[in-house]
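The data block below is input_26.pdb; it holds PDB, C-alpha atoms.
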ATOM      1  CA  MET A 581       0.219  11.870  -0.054
ATOM      2  CA  ALA A 582      -1.270  13.273   3.134
ATOM      3  CA  ILE A 583       2.088  14.739   4.118
ATOM      4  CA  VAL A 584       2.415  16.454   0.730
ATOM      5  CA  ILE A 585      -1.039  17.964   1.173
ATOM      6  CA  ALA A 586      -0.191  19.067   4.706
ATOM      7  CA  ARG A 587       3.097  20.606   3.523
ATOM      8  CA  ARG A 588       1.270  22.526   0.803
ATOM      9  CA  ARG A 589      -0.852  24.173   3.494
ATOM     10  CA  ILE A 590      -4.148  23.185   1.952
ATOM     11  CA  ASP A 591      -6.234  24.249   4.909
ATOM     12  CA  ARG A 592      -9.804  23.812   3.730
ATOM     13  CA  GLY A 593     -11.249  20.372   4.454
ATOM     14  CA  TRP A 594     -12.957  20.040   1.076
ATOM     15  CA  LYS A 595      -9.679  20.875  -0.705
ATOM     16  CA  VAL A 596      -7.870  18.135   1.212
ATOM     17  CA  VAL A 597     -10.619  15.666   0.276
ATOM     18  CA  LEU A 598     -10.534  16.791  -3.376
ATOM     19  CA  VAL A 599      -6.736  16.731  -3.776
ATOM     20  CA  GLY A 600      -6.414  13.516  -1.756
ATOM     21  CA  GLY A 601      -9.160  11.828  -3.773
ATOM     22  CA  LEU A 602      -7.661  12.818  -7.101
ATOM     23  CA  ALA A 603      -4.148  11.836  -6.033
ATOM     24  CA  GLY A 604      -5.361   8.549  -4.537
ATOM     25  CA  GLY A 605      -7.347   7.708  -7.666
ATOM     26  CA  MET A 606      -4.416   8.527  -9.954
ATOM     27  CA  LEU A 607      -2.078   6.456  -7.807
ATOM     28  CA  GLU A 608      -4.482   3.494  -7.757
ATOM     29  CA  PHE A 609      -4.892   3.748 -11.548
ATOM     30  CA  ALA A 610      -1.119   3.967 -12.092
ATOM     31  CA  MET A 611      -0.320   1.066  -9.735
ATOM     32  CA  SER A 612      -2.879  -1.096 -11.540
ATOM     33  CA  LEU A 613      -1.248  -0.315 -14.891
ATOM     34  CA  ILE A 614       2.264  -0.895 -13.574
ATOM     35  CA  GLN A 615       1.320  -4.222 -12.021
ATOM     36  CA  GLN A 616      -0.451  -5.418 -15.154
ATOM     37  CA  TYR A 617       2.205  -4.445 -17.687
ATOM     38  CA  LEU A 618       5.332  -4.931 -15.593
ATOM     39  CA  LEU A 619       4.392  -7.975 -13.523
ATOM     40  CA  GLY A 620       1.740  -9.540 -15.746
ATOM     41  CA  SER A 621      -0.989  -9.699 -13.086
ATOM     42  CA  ARG A 622      -3.910  -7.583 -11.977
ATOM     43  CA  SER A 623      -5.044  -7.468  -8.350
ATOM     44  CA  TRP A 624      -8.312  -5.579  -8.815
ATOM     45  CA  ASN A 625     -10.810  -4.943 -11.582
ATOM     46  CA  TYR A 626     -13.649  -2.489 -11.022
ATOM     47  CA  ALA A 627     -15.078  -2.801 -14.562
ATOM     48  CA  ASN A 628     -18.481  -3.881 -13.228
ATOM     49  CA  GLU A 629     -18.651  -1.188 -10.521
ATOM     50  CA  PRO A 630     -20.571   2.067 -11.041
ATOM     51  CA  LEU A 631     -18.562   5.182 -11.925
ATOM     52  CA  ASN A 632     -15.417   3.175 -12.692
ATOM     53  CA  ILE A 633     -12.501   4.697 -14.545
ATOM     54  CA  GLY A 634     -11.086   2.111 -16.917
ATOM     55  CA  GLY A 635     -11.878  -0.625 -14.394
ATOM     56  CA  ARG A 636      -8.836   0.493 -12.388
ATOM     57  CA  THR A 637     -10.490   2.849  -9.898
ATOM     58  CA  THR A 638     -13.927   4.265  -9.151
ATOM     59  CA  VAL A 639     -15.259   7.624  -8.047
ATOM     60  CA  PRO A 640     -16.507   6.139  -4.730
ATOM     61  CA  PHE A 641     -13.014   4.788  -4.022
ATOM     62  CA  MET A 642     -11.534   8.166  -4.918
ATOM     63  CA  LEU A 643     -13.914   9.741  -2.398
ATOM     64  CA  PHE A 644     -12.736   7.184   0.160
ATOM     65  CA  TRP A 645      -9.078   8.094  -0.548
ATOM     66  CA  GLY A 646      -9.941  11.775  -0.129
ATOM     67  CA  LEU A 647     -11.716  11.212   3.191
ATOM     68  CA  LEU A 648      -8.868   9.009   4.403
ATOM     69  CA  CYS A 649      -6.380  11.708   3.439
ATOM     70  CA  TYR A 650      -8.429  14.287   5.363
ATOM     71  CA  LEU A 651      -8.444  12.077   8.473
ATOM     72  CA  ILE A 652      -4.694  11.570   8.216
ATOM     73  CA  VAL A 653      -3.943  15.282   7.748
ATOM     74  CA  ARG A 654      -6.393  16.400  10.431
ATOM     75  CA  PHE A 655      -5.862  13.807  13.164
ATOM     76  CA  ILE A 656      -3.044  11.310  12.581
ATOM     77  CA  LEU A 657      -0.295  13.582  11.236
ATOM     78  CA  PRO A 658      -0.429  16.000  14.215
ATOM     79  CA  LEU A 659      -0.263  13.037  16.608
ATOM     80  CA  VAL A 660       2.711  11.541  14.769
ATOM     81  CA  LEU A 661       4.525  14.880  14.720
ATOM     82  CA  TRP A 662       3.904  15.287  18.452
ATOM     83  CA  LEU A 663       5.339  11.809  19.072
ATOM     84  CA  VAL A 664       8.351  12.505  16.842
ATOM     85  CA  HIS A 665       9.131  15.633  18.821
ATOM     86  CA  LEU A 666       9.172  13.549  22.005
ATOM     87  CA  ILE A 667      12.007  11.405  20.618
ATOM     88  CA  ASP A 668      15.528  12.497  21.447
ATOM     89  CA  ASP A 669      17.346  13.891  18.388
ATOM     90  CA  THR A 670      20.055  11.243  18.601
ATOM     91  CA  TRP A 671      17.460   8.552  17.853
ATOM     92  CA  HIS A 672      15.933  10.147  14.727
ATOM     93  CA  THR A 673      18.570   8.773  12.352
ATOM     94  CA  ARG A 674      18.584   5.366  14.013
ATOM     95  CA  LEU A 675      14.806   5.024  13.809
ATOM     96  CA  ALA A 676      14.774   6.255  10.210
ATOM     97  CA  THR A 677      17.416   3.656   9.314
ATOM     98  CA  ILE A 678      15.453   0.874  11.008
ATOM     99  CA  LEU A 679      12.239   1.883   9.222
ATOM    100  CA  LEU A 680      14.029   2.115   5.873
ATOM    101  CA  ALA A 681      15.510  -1.359   6.385
ATOM    102  CA  TRP A 682      12.060  -2.696   7.239
ATOM    103  CA  ILE A 683      10.588  -1.206   4.044
ATOM    104  CA  LEU A 684      13.443  -2.576   1.916
ATOM    105  CA  ILE A 685      13.106  -6.075   3.378
ATOM    106  CA  ASP A 686       9.367  -5.960   2.735
ATOM    107  CA  ALA A 687       9.955  -4.881  -0.876
ATOM    108  CA  VAL A 688      12.567  -7.603  -1.425
ATOM    109  CA  VAL A 689      10.003 -10.241  -0.409
ATOM    110  CA  THR A 690       6.779  -8.704  -1.736
ATOM    111  CA  LEU A 691       7.774  -7.674  -5.259
ATOM    112  CA  PRO A 692       9.152 -11.076  -6.303
ATOM    113  CA  ALA A 693       6.124 -12.760  -4.696
ATOM    114  CA  ILE A 694       3.821 -10.610  -6.850
ATOM    115  CA  PHE A 695       5.917 -11.448  -9.909
ATOM    116  CA  LEU A 696       5.693 -15.184  -9.107
ATOM    117  CA  TYR A 697       1.934 -14.849  -8.606
ATOM    118  CA  GLY A 698       1.645 -13.319 -12.074
ATOM    119  CA  GLN A 699       3.727 -16.115 -13.582
ATOM    120  CA  ARG A 700       1.622 -18.756 -11.852
ATOM    121  CA  ALA A 701      -1.582 -17.092 -13.097
ATOM    122  CA  ASN A 702      -0.181 -17.359 -16.645
ATOM    123  CA  GLY A 703       0.723 -21.032 -16.206
ATOM    124  CA  VAL A 704       4.479 -20.506 -15.796
ATOM    125  CA  VAL A 705       5.889 -22.572 -12.940
ATOM    126  CA  SER A 706       9.107 -21.370 -11.325
ATOM    127  CA  ASP A 707      11.100 -23.951  -9.427
ATOM    128  CA  ASN A 708      13.905 -21.912  -7.896
ATOM    129  CA  TRP A 709      14.632 -21.600  -4.171
ATOM    130  CA  PHE A 710      12.654 -18.385  -3.738
ATOM    131  CA  ALA A 711       9.582 -19.693  -5.572
ATOM    132  CA  GLN A 712       9.611 -22.844  -3.467
ATOM    133  CA  HIS A 713       9.932 -20.813  -0.248
ATOM    134  CA  ILE A 714       7.128 -18.427  -1.197
ATOM    135  CA  GLY A 715       5.000 -21.389  -2.269
ATOM    136  CA  ARG A 716       5.469 -23.088   1.087
ATOM    137  CA  LEU A 717       4.770 -19.862   2.914
ATOM    138  CA  PHE A 718       1.587 -18.865   1.099
ATOM    139  CA  ASP A 719       0.133 -22.190  -0.053
ATOM    140  CA  GLY A 720       0.818 -24.517   2.794
ATOM    141  CA  ASP A 721       0.268 -25.109   6.465
ATOM    142  CA  PHE A 722       1.460 -21.629   7.466
ATOM    143  CA  MET A 723      -1.601 -19.982   5.919
ATOM    144  CA  ARG A 724      -4.020 -22.617   7.229
ATOM    145  CA  LEU A 725      -2.560 -22.286  10.721
ATOM    146  CA  HIS A 726      -2.523 -18.481  10.904
ATOM    147  CA  PHE A 727      -5.535 -17.712   8.694
ATOM    148  CA  PRO A 728      -7.970 -20.620   9.163
ATOM    149  CA  ASN A 729     -10.878 -18.920   7.398
ATOM    150  CA  MET A 730      -8.893 -18.156   4.253
ATOM    151  CA  ARG A 731      -9.138 -20.528   1.299
ATOM    152  CA  VAL A 732      -5.680 -21.700   0.208
TER     153      VAL A 732
END
Could I get this structure in the form of structure tokens?
Amino acid sequence: MAIVIARRRIDRGWKVVLVGGLAGGMLEFAMSLIQQYLLGSRSWNYANEPLNIGGRTTVPFMLFWGLLCYLIVRFILPLVLWLVHLIDDTWHTRLATILLAWILIDAVVTLPAIFLYGQRANGVVSDNWFAQHIGRLFDGDFMRLHFPNMRV
């Protein structure tokens, strides 16, 4: 989102905050709908928060997204571009491939885990290999060992 804003040459800070806030709020709203209707679960509900929009986002969170977008466009994106220009051209494709593989592996694990979470919340118990593996990973000793303050 920040890159799109930067590419559009929105140069006024308040415009970046406004566009980033609106885009962030719309994205948060859409992701909440997609998760609820496609996966059968809902990760957040802002219905009791002031200035909420359908319980899926709030104006204060939209302001946060806008400010975060401004910080990314103003400070982080120039730093990243400077670092990218330091990398030899022969490595650009290799690094892009590695990052794409990382994202795909994350999606392959995360999306089914969210789907299983939704099933479990609705009382449906899956007993396949993946469900057992995810169950061991997120319910068992792994979480207690690495995140001792988290309730599992």
Name the residues in contact with A:Ser612 at a cut-off of 8 Å, using only C-alpha atoms, excluding same-chain residues fewer than 4 positions from it; report them as number ranges by chain. A: 608, 616, 622-624, 636
On this structure, which residues satisfy the PyMOL selection byres ((chain A and resi 706-710) around 12), written as a count of residues only? 24
May I have the residues within 9 Å of A:Phe641 as a list of chain:residue names, using all atoms listed in the file and disregarding those fewer than 5 positions away in the same chain? A:Gly601, A:Gly604, A:Gly605, A:Gly646
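The space between atom CA of A:Ala687 and atom CA of A:Met642 spans 25.5 Å.
Each of A:Ile656, A:Leu651, A:Leu680, A:Leu661 was compared to A:Trp594 using all atoms listed in the file, and A:Leu651 turns out to be the nearest.
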